[in-house]
Structures are given as structure tokens and as C-alpha cells.
>>> print(open('input-v4.cif').read())   # mmCIF, C-alpha atoms
data_upload
loop_
_atom_site.group_PDB
_atom_site.id
_atom_site.type_symbol
_atom_site.label_atom_id
_atom_site.label_comp_id
_atom_site.auth_asym_id
_atom_site.auth_seq_id
_atom_site.Cartn_x
_atom_site.Cartn_y
_atom_site.Cartn_z
ATOM 1 C CA MET A 1 161.319 94.129 -103.967
ATOM 2 C CA LYS A 2 164.176 93.777 -101.444
ATOM 3 C CA VAL A 3 166.411 96.340 -103.153
ATOM 4 C CA LYS A 4 163.646 98.965 -103.112
ATOM 5 C CA HIS A 5 162.835 98.300 -99.440
ATOM 6 C CA LYS A 6 166.489 98.801 -98.424
ATOM 7 C CA LEU A 7 166.636 102.063 -100.332
ATOM 8 C CA GLN A 8 163.549 103.345 -98.528
ATOM 9 C CA ASN A 9 165.065 102.542 -95.095
ATOM 10 C CA PHE A 10 168.339 104.166 -96.148
ATOM 11 C CA LYS A 11 166.396 107.311 -97.120
ATOM 12 C CA LYS A 12 164.514 107.471 -93.753
ATOM 13 C CA ASP A 13 167.739 107.155 -91.740
ATOM 14 C CA TYR A 14 169.523 109.997 -93.492
ATOM 15 C CA HIS A 15 166.856 112.348 -94.796
ATOM 16 C CA LYS A 16 167.293 114.734 -91.871
ATOM 17 C CA SER A 17 170.976 115.341 -92.615
ATOM 18 C CA ILE A 18 171.107 114.715 -96.355
ATOM 19 C CA ASP A 19 168.928 116.249 -98.992
ATOM 20 C CA ILE A 20 167.876 113.239 -101.064
ATOM 21 C CA PRO A 21 165.763 113.971 -104.155
ATOM 22 C CA GLU A 22 162.424 112.211 -104.321
ATOM 23 C CA GLU A 23 163.388 110.783 -107.719
ATOM 24 C CA ILE A 24 166.475 108.953 -106.377
ATOM 25 C CA ASP A 25 164.584 105.653 -106.048
ATOM 26 C CA ASP A 26 163.762 105.741 -109.724
ATOM 27 C CA TYR A 27 167.314 106.690 -110.715
ATOM 28 C CA ILE A 28 168.890 103.937 -108.642
ATOM 29 C CA MET A 29 166.343 101.343 -109.705
ATOM 30 C CA LYS A 30 166.985 102.223 -113.330
ATOM 31 C CA GLY A 31 170.722 101.786 -112.704
ATOM 32 C CA VAL A 32 170.157 98.427 -111.024
ATOM 33 C CA GLU A 33 167.874 97.274 -113.794
ATOM 34 C CA LYS A 34 170.382 98.432 -116.428
ATOM 35 C CA GLY A 35 173.146 96.521 -114.645
ATOM 36 C CA MET A 36 171.024 93.384 -114.485
ATOM 37 C CA GLN A 37 170.200 93.712 -118.192
ATOM 38 C CA GLU A 38 173.900 94.149 -119.054
ATOM 39 C CA LYS A 39 174.798 91.086 -116.993
ATOM 40 C CA ALA A 40 172.108 89.064 -118.727
ATOM 41 C CA ARG A 41 173.349 90.285 -122.110
ATOM 42 C CA LYS A 42 176.945 89.221 -121.295
ATOM 43 C CA ASN A 43 175.781 85.835 -120.032
ATOM 44 C CA PHE A 44 173.855 85.363 -123.268
ATOM 45 C CA LYS A 45 176.936 86.288 -125.356
ATOM 46 C CA ASN A 46 179.095 83.863 -123.380
ATOM 47 C CA LYS A 47 176.527 81.128 -123.862
ATOM 48 C CA ILE A 48 176.398 81.812 -127.603
ATOM 49 C CA LYS A 49 180.209 81.769 -127.723
ATOM 50 C CA LYS A 50 180.327 78.423 -125.923
ATOM 51 C CA ILE A 51 177.664 77.007 -128.239
ATOM 52 C CA SER A 52 179.607 78.267 -131.287
ATOM 53 C CA LEU A 53 182.818 76.650 -130.075
ATOM 54 C CA SER A 54 180.968 73.435 -129.381
ATOM 55 C CA VAL A 55 179.414 73.462 -132.849
ATOM 56 C CA ALA A 56 182.825 74.151 -134.441
ATOM 57 C CA ALA A 57 184.381 71.265 -132.548
ATOM 58 C CA SER A 58 181.509 69.014 -133.561
ATOM 59 C CA LEU A 59 181.876 69.999 -137.211
ATOM 60 C CA LEU A 60 185.623 69.274 -137.068
ATOM 61 C CA LEU A 61 184.903 65.874 -135.527
ATOM 62 C CA ILE A 62 182.253 65.152 -138.165
ATOM 63 C CA PHE A 63 184.696 66.182 -140.924
ATOM 64 C CA THR A 64 187.449 63.938 -139.537
ATOM 65 C CA VAL A 65 185.097 60.987 -139.143
ATOM 66 C CA SER A 66 183.684 61.611 -142.624
ATOM 67 C CA ILE A 67 187.135 61.472 -144.217
ATOM 68 C CA ASN A 68 187.695 58.111 -142.566
ATOM 69 C CA THR A 69 184.240 56.746 -143.272
ATOM 70 C CA MET A 70 183.105 58.277 -146.574
ATOM 71 C CA PRO A 71 182.312 55.457 -149.059
ATOM 72 C CA THR A 72 184.976 56.393 -151.650
ATOM 73 C CA PHE A 73 187.806 56.595 -149.148
ATOM 74 C CA ALA A 74 186.590 53.652 -147.072
ATOM 75 C CA ASN A 75 186.218 51.467 -150.149
ATOM 76 C CA ALA A 76 189.677 52.424 -151.392
ATOM 77 C CA MET A 77 191.244 51.478 -148.065
ATOM 78 C CA HIS A 78 189.170 48.336 -147.475
ATOM 79 C CA ASP A 79 191.323 45.218 -147.024
ATOM 80 C CA ILE A 80 194.433 47.348 -146.446
ATOM 81 C CA PRO A 81 195.861 46.717 -142.935
ATOM 82 C CA ILE A 82 195.242 50.154 -141.383
ATOM 83 C CA ALA A 83 194.848 50.598 -137.640
ATOM 84 C CA GLY A 84 195.379 54.329 -137.047
ATOM 85 C CA GLN A 85 193.645 57.677 -137.493
ATOM 86 C CA LEU A 86 194.004 59.666 -140.695
ATOM 87 C CA VAL A 87 196.511 62.534 -140.561
ATOM 88 C CA ARG A 88 196.720 63.589 -144.217
ATOM 89 C CA ILE A 89 196.187 62.493 -147.794
ATOM 90 C CA LEU A 90 198.563 63.873 -150.418
ATOM 91 C CA HIS A 91 197.229 63.985 -153.988
ATOM 92 C CA PHE A 92 198.407 61.654 -156.745
ATOM 93 C CA SER A 93 201.501 63.189 -158.326
ATOM 94 C CA GLU A 94 205.082 62.664 -159.384
ATOM 95 C CA GLU A 95 206.344 65.408 -157.076
ATOM 96 C CA HIS A 96 208.423 65.372 -153.902
ATOM 97 C CA GLN A 97 206.332 64.458 -150.834
ATOM 98 C CA GLU A 98 207.213 64.667 -147.155
ATOM 99 C CA GLY A 99 205.618 64.548 -143.717
ATOM 100 C CA GLY A 100 205.691 62.634 -140.431
ATOM 101 C CA LYS A 101 207.195 63.655 -137.080
ATOM 102 C CA ILE A 102 210.787 64.007 -135.910
ATOM 103 C CA THR A 103 211.641 60.885 -133.901
ATOM 104 C CA ASP A 104 214.795 59.204 -132.620
ATOM 105 C CA GLY A 105 215.603 55.534 -132.288
ATOM 106 C CA SER A 106 212.591 54.266 -134.226
ATOM 107 C CA ASP A 107 212.400 51.122 -136.325
ATOM 108 C CA VAL A 108 210.909 50.919 -139.814
ATOM 109 C CA GLU A 109 209.385 47.721 -138.566
ATOM 110 C CA PHE A 110 207.349 46.284 -141.396
ATOM 111 C CA ILE A 111 206.546 46.839 -145.060
ATOM 112 C CA SER A 112 203.900 45.010 -147.067
ATOM 113 C CA LEU A 113 202.177 45.183 -150.437
ATOM 114 C CA VAL A 114 198.409 45.073 -150.990
ATOM 115 C CA GLU A 115 196.909 44.939 -154.499
ATOM 116 C CA LYS A 116 193.398 46.380 -154.867
ATOM 117 C CA ASP A 117 191.348 48.125 -157.576
ATOM 118 C CA ASN A 118 194.185 48.000 -160.122
ATOM 119 C CA LYS A 119 196.437 49.831 -157.708
ATOM 120 C CA GLU A 120 199.255 48.668 -155.465
ATOM 121 C CA HIS A 121 199.455 49.924 -151.876
ATOM 122 C CA ILE A 122 202.750 49.929 -149.986
ATOM 123 C CA VAL A 123 202.056 49.842 -146.230
ATOM 124 C CA ILE A 124 204.859 50.908 -143.852
ATOM 125 C CA ASN A 125 204.697 50.527 -140.049
ATOM 126 C CA PHE A 126 206.903 52.098 -137.356
ATOM 127 C CA SER A 127 207.810 51.003 -133.828
ATOM 128 C CA GLN A 128 210.187 51.779 -130.983
ATOM 129 C CA ASP A 129 211.204 49.470 -128.145
ATOM 130 C CA ILE A 130 208.823 46.806 -129.510
ATOM 131 C CA LYS A 131 205.892 49.242 -129.216
ATOM 132 C CA GLU A 132 204.011 50.870 -132.067
ATOM 133 C CA GLU A 133 205.063 54.462 -132.755
ATOM 134 C CA GLU A 134 202.337 57.050 -132.226
ATOM 135 C CA PHE A 135 203.335 58.902 -135.412
ATOM 136 C CA ALA A 136 205.094 58.029 -138.647
ATOM 137 C CA SER A 137 208.752 59.039 -138.583
ATOM 138 C CA HIS A 138 209.719 61.989 -140.763
ATOM 139 C CA TYR A 139 209.809 60.873 -144.401
ATOM 140 C CA GLU A 140 210.726 62.254 -147.798
ATOM 141 C CA ILE A 141 209.713 60.507 -151.013
ATOM 142 C CA ASP A 142 211.012 61.371 -154.489
ATOM 143 C CA TYR A 143 209.932 60.153 -157.902
ATOM 144 C CA SER A 144 212.469 59.715 -160.717
ATOM 145 C CA GLU A 145 212.701 58.104 -164.149
ATOM 146 C CA TYR A 146 215.206 56.050 -166.198
ATOM 147 C CA PRO A 147 214.318 53.739 -164.543
ATOM 148 C CA TYR A 148 210.960 54.546 -162.878
ATOM 149 C CA THR A 149 211.811 54.802 -159.197
ATOM 150 C CA LEU A 150 210.525 55.933 -155.795
ATOM 151 C CA ASN A 151 213.270 56.917 -153.343
ATOM 152 C CA PHE A 152 212.410 56.889 -149.618
ATOM 153 C CA LYS A 153 214.367 58.753 -146.949
ATOM 154 C CA ILE A 154 213.179 58.178 -143.370
ATOM 155 C CA SER A 155 214.841 60.131 -140.566
ATOM 156 C CA GLY A 156 215.077 59.478 -136.832
ATOM 157 C CA VAL A 157 215.297 55.707 -137.246
ATOM 158 C CA ARG A 158 218.128 53.369 -136.270
ATOM 159 C CA GLU A 159 216.659 50.007 -137.253
ATOM 160 C CA PHE A 160 215.238 48.688 -140.493
ATOM 161 C CA SER A 161 213.456 45.423 -139.723
ATOM 162 C CA ALA A 162 211.250 45.920 -142.801
ATOM 163 C CA GLU A 163 214.194 44.975 -145.018
ATOM 164 C CA ASP A 164 213.379 41.335 -144.270
ATOM 165 C CA GLU A 165 210.169 41.737 -146.290
ATOM 166 C CA PHE A 166 211.777 43.060 -149.465
ATOM 167 C CA GLU A 167 211.582 39.834 -151.466
ATOM 168 C CA LYS A 168 207.820 39.553 -150.879
ATOM 169 C CA MET A 169 207.350 43.075 -152.249
ATOM 170 C CA LYS A 170 208.442 41.901 -155.708
ATOM 171 C CA ASP A 171 205.358 39.683 -156.055
ATOM 172 C CA GLY A 172 203.247 42.599 -157.297
ATOM 173 C CA ASN A 173 202.559 43.618 -160.901
ATOM 174 C CA MET A 174 204.499 46.892 -160.832
ATOM 175 C CA ILE A 175 207.460 46.488 -158.462
ATOM 176 C CA GLN A 176 210.528 45.217 -160.257
ATOM 177 C CA ASP A 177 213.036 45.659 -157.427
ATOM 178 C CA ILE A 178 213.376 47.106 -153.921
ATOM 179 C CA TYR A 179 216.703 47.706 -152.217
ATOM 180 C CA ARG A 180 218.359 49.575 -149.393
ATOM 181 C CA LEU A 181 220.601 52.565 -150.154
ATOM 182 C CA MET A 182 223.874 53.130 -148.354
ATOM 183 C CA THR A 183 223.866 56.156 -146.036
ATOM 184 C CA LEU A 184 226.561 57.383 -143.670
ATOM 185 C CA ASP A 185 223.948 58.816 -141.282
ATOM 186 C CA ASP A 186 223.175 56.223 -138.577
ATOM 187 C CA SER A 187 219.842 57.896 -137.743
ATOM 188 C CA MET A 188 218.404 57.565 -141.244
ATOM 189 C CA VAL A 189 217.418 54.773 -143.605
ATOM 190 C CA ARG A 190 216.942 55.067 -147.344
ATOM 191 C CA PHE A 191 215.582 52.629 -149.865
ATOM 192 C CA SER A 192 214.463 52.613 -153.500
ATOM 193 C CA ILE A 193 211.616 50.865 -155.258
ATOM 194 C CA THR A 194 212.000 50.355 -159.018
ATOM 195 C CA MET A 195 208.879 49.933 -161.171
ATOM 196 C CA ASP A 196 208.703 48.370 -164.619
ATOM 197 C CA LYS A 197 206.172 50.931 -165.891
ATOM 198 C CA PRO A 198 205.342 54.634 -165.450
ATOM 199 C CA PHE A 199 203.188 55.563 -162.450
ATOM 200 C CA SER A 200 201.984 58.306 -160.152
ATOM 201 C CA TYR A 201 201.723 57.912 -156.400
ATOM 202 C CA GLN A 202 199.704 59.084 -153.418
ATOM 203 C CA VAL A 203 200.778 59.179 -149.761
ATOM 204 C CA THR A 204 198.275 58.646 -146.942
ATOM 205 C CA GLU A 205 199.601 59.182 -143.402
ATOM 206 C CA TYR A 206 198.122 57.811 -140.158
ATOM 207 C CA LYS A 207 198.762 58.202 -136.436
ATOM 208 C CA GLU A 208 198.127 56.118 -133.293
ATOM 209 C CA PRO A 209 199.800 54.038 -134.592
ATOM 210 C CA GLY A 210 202.065 55.771 -137.088
ATOM 211 C CA GLN A 211 201.715 54.328 -140.563
ATOM 212 C CA LEU A 212 202.199 55.252 -144.218
ATOM 213 C CA VAL A 213 200.265 53.931 -147.179
ATOM 214 C CA VAL A 214 201.839 54.749 -150.547
ATOM 215 C CA THR A 215 199.422 54.004 -153.380
ATOM 216 C CA LEU A 216 200.809 53.371 -156.877
ATOM 217 C CA GLU A 217 198.661 54.015 -159.928
ATOM 218 C CA GLU A 218 199.861 52.939 -163.365
ATOM 219 C CA LYS A 219 200.029 55.575 -166.103
ATOM 220 C CA PRO A 220 199.983 55.119 -169.897
ATOM 221 C CA GLU A 221 203.443 54.579 -171.352
ATOM 222 C CA SER A 222 204.777 57.976 -172.387
ATOM 223 C CA LYS A 223 208.584 57.764 -172.521
ATOM 224 C CA GLU A 224 210.254 56.254 -175.541
ATOM 225 C CA GLU A 225 213.453 58.205 -176.080
ATOM 226 C CA SER A 226 216.760 57.219 -174.519
ATOM 227 C CA ILE A 227 218.825 59.355 -172.185
ATOM 228 C CA TYR A 228 222.554 59.778 -171.589
ATOM 229 C CA SER A 229 223.536 59.414 -167.950
ATOM 230 C CA ILE A 230 226.657 60.863 -166.294
ATOM 231 C CA ARG A 231 227.482 58.135 -163.779
ATOM 232 C CA SER A 232 230.247 56.588 -161.735
ATOM 233 C CA GLU A 233 231.624 53.100 -162.023
ATOM 234 C CA SER A 234 229.939 50.443 -159.877
ATOM 235 C CA TYR A 235 230.833 49.603 -156.269
ATOM 236 C CA PRO A 236 229.637 47.027 -153.751
ATOM 237 C CA TYR A 237 227.241 48.220 -151.065
ATOM 238 C CA GLY A 238 229.386 49.890 -148.398
ATOM 239 C CA GLU A 239 231.168 53.019 -147.230
ATOM 240 C CA LYS A 240 233.001 53.632 -150.505
ATOM 241 C CA ILE A 241 229.817 54.395 -152.427
ATOM 242 C CA GLY A 242 228.542 56.405 -149.435
ATOM 243 C CA ILE A 243 231.695 58.554 -149.363
ATOM 244 C CA LEU A 244 231.496 59.131 -153.119
ATOM 245 C CA GLU A 245 227.925 60.373 -152.749
ATOM 246 C CA GLU A 246 228.996 62.705 -149.918
ATOM 247 C CA GLN A 247 231.601 64.279 -152.203
ATOM 248 C CA LEU A 248 228.770 65.218 -154.574
ATOM 249 C CA PHE A 249 226.339 66.260 -151.846
ATOM 250 C CA SER A 250 225.680 69.765 -153.231
ATOM 251 C CA LEU A 251 224.429 68.379 -156.565
ATOM 252 C CA ASP A 252 220.645 68.194 -156.210
ATOM 253 C CA THR A 253 220.288 65.968 -159.280
ATOM 254 C CA ARG A 254 222.501 63.175 -157.914
ATOM 255 C CA ARG A 255 221.046 59.795 -157.025
ATOM 256 C CA MET A 256 222.238 56.342 -156.053
ATOM 257 C CA LEU A 257 221.134 53.409 -158.215
ATOM 258 C CA LYS A 258 221.634 49.658 -158.217
ATOM 259 C CA ASP A 259 223.024 48.129 -161.402
ATOM 260 C CA GLU A 260 222.265 44.862 -163.178
ATOM 261 C CA ASP A 261 224.879 43.014 -161.076
ATOM 262 C CA GLU A 262 223.473 44.378 -157.784
ATOM 263 C CA GLU A 263 226.314 46.806 -157.222
ATOM 264 C CA PHE A 264 225.810 50.552 -156.773
ATOM 265 C CA LEU A 265 226.642 53.734 -158.672
ATOM 266 C CA ILE A 266 226.142 57.486 -158.376
ATOM 267 C CA GLU A 267 224.435 59.308 -161.222
ATOM 268 C CA VAL A 268 224.860 63.098 -161.224
ATOM 269 C CA ASP A 269 222.455 63.946 -164.073
ATOM 270 C CA TYR A 270 221.120 62.794 -167.437
ATOM 271 C CA PHE A 271 220.318 64.430 -170.787
ATOM 272 C CA THR A 272 218.520 63.637 -174.025
ATOM 273 C CA SER A 273 221.698 63.862 -176.107
ATOM 274 C CA LYS A 274 225.240 62.558 -175.647
ATOM 275 C CA GLU A 275 226.692 65.975 -176.534
ATOM 276 C CA LYS A 276 224.784 67.713 -173.742
ATOM 277 C CA ALA A 277 225.869 65.051 -171.261
ATOM 278 C CA GLU A 278 229.530 65.412 -172.269
ATOM 279 C CA ASP A 279 229.363 69.215 -172.021
ATOM 280 C CA LYS A 280 227.817 68.976 -168.560
ATOM 281 C CA LYS A 281 230.466 66.523 -167.423
ATOM 282 C CA LYS A 282 233.258 68.860 -168.562
ATOM 283 C CA GLY A 283 231.634 71.744 -166.700
ATOM 284 C CA LEU A 284 231.418 69.752 -163.459
ATOM 285 C CA ILE A 285 234.955 68.357 -163.403
ATOM 286 C CA GLU A 286 236.573 71.617 -162.243
ATOM 287 C CA GLU A 287 234.428 71.744 -159.098
ATOM 288 C CA TYR A 288 234.161 67.966 -158.652
ATOM 289 C CA PRO A 289 237.397 66.333 -159.905
ATOM 290 C CA VAL A 290 236.084 62.860 -159.053
ATOM 291 C CA ILE A 291 233.639 63.185 -161.982
ATOM 292 C CA SER A 292 236.571 62.926 -164.420
ATOM 293 C CA ASP A 293 236.350 59.125 -163.915
ATOM 294 C CA PHE A 294 232.609 59.021 -164.637
ATOM 295 C CA VAL A 295 231.218 57.531 -167.852
ATOM 296 C CA ILE A 296 228.339 58.460 -170.158
ATOM 297 C CA GLU A 297 225.792 55.640 -170.312
ATOM 298 C CA LYS A 298 222.869 55.394 -172.737
ATOM 299 C CA ARG A 299 219.654 53.989 -171.195
ATOM 300 C CA GLY A 300 216.021 53.507 -172.174
ATOM 301 C CA PRO A 301 212.995 54.201 -169.906
ATOM 302 C CA ASN A 302 213.058 50.725 -168.292
ATOM 303 C CA ASP A 303 216.759 49.922 -168.563
ATOM 304 C CA ILE A 304 218.659 49.029 -165.400
ATOM 305 C CA PRO A 305 222.178 50.563 -165.326
ATOM 306 C CA LYS A 306 224.983 48.312 -166.503
ATOM 307 C CA ASN A 307 227.949 47.324 -164.379
ATOM 308 C CA TYR A 308 231.093 49.332 -165.212
#
>>> encode(input="input-v4.cif", output="C-alpha cells")
Amino acid sequence: MKVKHKLQNFKKDYHKSIDIPEEIDDYIMKGVEKGMQEKARKNFKNKIKKISLSVAASLLLIFTVSINTMPTFANAMHDIPIAGQLVRILHFSEEHQEGGKITDGSDVEFISLVEKDNKEHIVINFSQDIKEEEFASHYEIDYSEYPYTLNFKISGVREFSAEDEFEKMKDGNMIQDIYRLMTLDDSMVRFSITMDKPFSYQVTEYKEPGQLVVTLEEKPESKEESIYSIRSESYPYGEKIGILEEQLFSLDTRRMLKDEDEEFLIEVDYFTSKEKAEDKKKGLIEEYPVISDFVIEKRGPNDIPKNY
């Protein structure tokens, strides 16, 4: 062995001046061998680590592909115009949902309706400078009742080309109306979709290109009682209704609705009895004097607000 040969020469050259124990060859060889074993052990650990990372990455890839290709999900999305990669699926609910990425200058380019398996799928596409957006713009979606409504708020957008498709959206079995909501923020668009029956909804988000699919699933009729709404008089679409809403900005229960004559109103809350609604109105007037001009309106589950 080369190492042993060098050690023997080293010993011959210096044995006259240095007292080298006879056992030094064994000691040094053991040290060399131990070092080589330690190096081999570290190389093996590194290899195992690399293999583990590779396996983890492969499992993640398999999981992602499986979500997109599993029969249940694939069948549910079949015939729906999807081009991107899955980002997330939010469960069916009636709760607030949000997601997407912060963007600026985007266009809510297109909206369409696909009916499949007794469900209705609202497909929303995004673009910027005539190119598809990589991600869906930041969105917030809220469910409300009296009437059954989904409210969309999409931030970081300055164009709303999808509005041209609104009339086609009413061809489905559930959508009664769809309309844009006035907002004073020029980097946000809002719109509402009114249904003629109770429902729950699911949001599926995609990237490359950015896309949302909002799936509507009908629920058994459950609401029968009427409510008493504290609401403003009606105004045409424009800054006046936007300014009124801004004055009530700190009220989380407020919402903008379209009435039967296609004008707009602000509702601050509703209750199951007229007495409770009147008491609430009195309590709000001190902080929000504008509410003194509001009326109490009785509505059923599917009633569209009247024009006052």
C-alpha cells in the first residue's frame, strides 16, 4: 500500500535522530483507516439525504398530478374550460372565501357559465396587456341571503371586460341576476350574483394561467320566514351610492343591493322582527346620522328589494 511504503521511508530517514516506536505504523494506519471509514460514512449519509429529498420531491409531484388527474376531480372538471395548474380547492360552504395574488392593472377578462352534474360552474379568467395572467388576482367572495347572493371583490384590477358576458350568465338554472357594484376604488371591481334558490359554493383556483372556478350546488329550501331590512332609498348606479356606502364603511353587515327597478341601495342589517330592526336603527342613528332617512323593508327569502 502506498501510504504504508511512505511511512516506512519516513521512518528510515529519521530513526537516527527521532525515537519512533515500532507500533507507529499500526497507529497511523488505524487513524488513516478510521478517517477513510468516516469519510465513507459521511458520503453515505449525504447520498441518503439526496435520495430522501428526491423521493420527497417525487411524492409532492405525484400528489399534485394526482389531484389534477384523479377520476373524481377530473370527471367533475371535464368539459369545463380549464387551462392552468391547480393551486387550491376550497370546500363547499357558505363562508367567506379568499385567495389569489396581489396584482396591479389586471383585467377580469372573461366570465362564463358551465352546467354539469346538476351543478353550475362560474369560470373567471384574468389577463394583463392582452396576455393571460399567471395567477388569479386577489379575490374575496361572500355569501348572503335575502336574497341568495354571492358578492365578489377582486383587487388589483383596472378593467372589467367580463361585464360584457353578464347577460349570457342568466341562461343557467340558478342565476337570477348578475350586476356590477359601484366602488370608489379604481383598482378594484365588485359584482354580485343573485340566485333564485339556496346554495353552497366551492372555489377552485388555478395558475399559469390564473383562473377561478366557482361551483354552485343547490341546497334544499330551508328559509321560509321573512326579515326586516334597514335600508336606504334607491339611487342610480354612480358616485352617490358609492359615497353613501363609504359613510357606513365601519359597519361589517352593510351591503349594496340592486332593486327591482335596477337602481341601488345600501342595507346595513336585517332582523327577524320589525321591532328589533327599529331598535337597531335607533341605536345606529347617533353614530351614523344618515341612517335616519333609512326605511324598514319586509322581504322574503327570494324577494328582490323594492324601489323607494
>>> closest_residue(input="input-v4.cif", among="A:Arg88, A:Lys119, A:Lys240, A:Lys280", to="Leu212 (chain A)", atoms="all atoms listed in the file")
A:Arg88
>>> atom_distance(input="input-v4.cif", atom1="CA of Ala277 (chain A)", atom2="CA of Leu184 (chain A)")
28.6 Å
>>> closest_residue(input="input-v4.cif", among="A:Asn307, A:Ser155, A:Asn118, A:Asn173", to="Asp104 (chain A)", atoms="all atoms listed in the file")
A:Ser155
>>> resolve_selection(input="input-v4.cif", expression="the PyMOL selection byres ((chain A and resi 165) around 10)", output="PyMOL selection string")
chain A and resi 109-113+161-164+166-170+178
>>> resolve_selection(input="input-v4.cif", expression="the PyMOL selection byres ((chain A and resi 267-269) around 9)", output="number ranges by chain")
A: 228-232, 248, 251-257, 265-266, 270-271, 277, 280, 291, 294
>>> write_last_selection(input="input-v4.cif", atoms="C-alpha atoms", output="PDB file, keeping the file's coordinate frame")
ATOM      1  CA  TYR A 228     222.554  59.778-171.589  1.00  0.00           C
ATOM      2  CA  SER A 229     223.536  59.414-167.950  1.00  0.00           C
ATOM      3  CA  ILE A 230     226.657  60.863-166.294  1.00  0.00           C
ATOM      4  CA  ARG A 231     227.482  58.135-163.779  1.00  0.00           C
ATOM      5  CA  SER A 232     230.247  56.588-161.735  1.00  0.00           C
ATOM      6  CA  LEU A 248     228.770  65.218-154.574  1.00  0.00           C
ATOM      7  CA  LEU A 251     224.429  68.379-156.565  1.00  0.00           C
ATOM      8  CA  ASP A 252     220.645  68.194-156.210  1.00  0.00           C
ATOM      9  CA  THR A 253     220.288  65.968-159.280  1.00  0.00           C
ATOM     10  CA  ARG A 254     222.501  63.175-157.914  1.00  0.00           C
ATOM     11  CA  ARG A 255     221.046  59.795-157.025  1.00  0.00           C
ATOM     12  CA  MET A 256     222.238  56.342-156.053  1.00  0.00           C
ATOM     13  CA  LEU A 257     221.134  53.409-158.215  1.00  0.00           C
ATOM     14  CA  LEU A 265     226.642  53.734-158.672  1.00  0.00           C
ATOM     15  CA  ILE A 266     226.142  57.486-158.376  1.00  0.00           C
ATOM     16  CA  TYR A 270     221.120  62.794-167.437  1.00  0.00           C
ATOM     17  CA  PHE A 271     220.318  64.430-170.787  1.00  0.00           C
ATOM     18  CA  ALA A 277     225.869  65.051-171.261  1.00  0.00           C
ATOM     19  CA  LYS A 280     227.817  68.976-168.560  1.00  0.00           C
ATOM     20  CA  ILE A 291     233.639  63.185-161.982  1.00  0.00           C
ATOM     21  CA  PHE A 294     232.609  59.021-164.637  1.00  0.00           C
TER      22      PHE A 294
END
>>> atom_distance(input="input-v4.cif", atom1="CA of Gln247 (chain A)", atom2="CA of Pro289 (chain A)")
9.9 Å
>>> closest_residue(input="input-v4.cif", among="A:Tyr308, A:Tyr206, A:Phe126, A:Tyr146", to="Pro236 (chain A)", atoms="all atoms listed in the file")
A:Tyr308
>>> axis_aligned_box(input="input-v4.cif", around="region 95-106 of chain A", padding_each_side="4 Å", output="AutoDock Vina command-line options")
--center_x 210.6 --center_y 59.8 --center_z -144.7 --size_x 18.0 --size_y 19.1 --size_z 32.8
>>> residues_around(input="input-v4.cif", residues="Gly238 (chain A)", least_positions_apart="3", cutoff="7 Å", atoms="all atoms listed in the file", output="list in words")
Met182, Ile241 and Gly242 of chain A
>>> closest_residue(input="input-v4.cif", among="A:Glu205, A:Glu218, A:Glu132, A:Asp259", to="Leu90 (chain A)", atoms="all atoms listed in the file")
A:Glu205
>>> atom_distance(input="input-v4.cif", atom1="CA of Asp129 (chain A)", atom2="CA of Val213 (chain A)")
22.4 Å
>>> closest_residue(input="input-v4.cif", among="A:Leu181, A:Lys282, A:Ser226, A:Glu275", to="Glu239 (chain A)", atoms="all atoms listed in the file")
A:Leu181
>>> resolve_selection(input="input-v4.cif", expression="the PyMOL selection byres ((chain A and resi 209) around 12)", output="tab-separated table (two decimals) with C-alpha atoms, in the frame of the given file")
chain	number	residue	atom	x	y	z
A	81	PRO	CA	195.86	46.72	-142.94
A	82	ILE	CA	195.24	50.15	-141.38
A	83	ALA	CA	194.85	50.60	-137.64
A	84	GLY	CA	195.38	54.33	-137.05
A	85	GLN	CA	193.64	57.68	-137.49
A	86	LEU	CA	194.00	59.67	-140.70
A	87	VAL	CA	196.51	62.53	-140.56
A	100	GLY	CA	205.69	62.63	-140.43
A	124	ILE	CA	204.86	50.91	-143.85
A	125	ASN	CA	204.70	50.53	-140.05
A	126	PHE	CA	206.90	52.10	-137.36
A	127	SER	CA	207.81	51.00	-133.83
A	128	GLN	CA	210.19	51.78	-130.98
A	131	LYS	CA	205.89	49.24	-129.22
A	132	GLU	CA	204.01	50.87	-132.07
A	133	GLU	CA	205.06	54.46	-132.76
A	134	GLU	CA	202.34	57.05	-132.23
A	135	PHE	CA	203.34	58.90	-135.41
A	136	ALA	CA	205.09	58.03	-138.65
A	137	SER	CA	208.75	59.04	-138.58
A	205	GLU	CA	199.60	59.18	-143.40
A	206	TYR	CA	198.12	57.81	-140.16
A	207	LYS	CA	198.76	58.20	-136.44
A	208	GLU	CA	198.13	56.12	-133.29
A	210	GLY	CA	202.06	55.77	-137.09
A	211	GLN	CA	201.72	54.33	-140.56
A	212	LEU	CA	202.20	55.25	-144.22
>>> residues_around(input="input-v4.cif", residues="Glu140 (chain A)", least_positions_apart="2", cutoff="10 Å", atoms="only C-alpha atoms", output="VMD selection string")
chain A and resid 96 to 100 137 to 138 142 151 to 155 190
>>> write_last_selection(input="input-v4.cif", atoms="C-alpha atoms", output="mmCIF file, keeping the file's coordinate frame")
data_model
loop_
_atom_site.group_PDB
_atom_site.id
_atom_site.type_symbol
_atom_site.label_atom_id
_atom_site.label_comp_id
_atom_site.auth_asym_id
_atom_site.auth_seq_id
_atom_site.Cartn_x
_atom_site.Cartn_y
_atom_site.Cartn_z
ATOM 1 C CA HIS A 96 208.423 65.372 -153.902
ATOM 2 C CA GLN A 97 206.332 64.458 -150.834
ATOM 3 C CA GLU A 98 207.213 64.667 -147.155
ATOM 4 C CA GLY A 99 205.618 64.548 -143.717
ATOM 5 C CA GLY A 100 205.691 62.634 -140.431
ATOM 6 C CA SER A 137 208.752 59.039 -138.583
ATOM 7 C CA HIS A 138 209.719 61.989 -140.763
ATOM 8 C CA ASP A 142 211.012 61.371 -154.489
ATOM 9 C CA ASN A 151 213.270 56.917 -153.343
ATOM 10 C CA PHE A 152 212.410 56.889 -149.618
ATOM 11 C CA LYS A 153 214.367 58.753 -146.949
ATOM 12 C CA ILE A 154 213.179 58.178 -143.370
ATOM 13 C CA SER A 155 214.841 60.131 -140.566
ATOM 14 C CA ARG A 190 216.942 55.067 -147.344
#
>>> closest_residue(input="input-v4.cif", among="A:Asp177, A:Glu224, A:Asp117, A:Glu217", to="Glu94 (chain A)", atoms="all atoms listed in the file")
A:Glu217
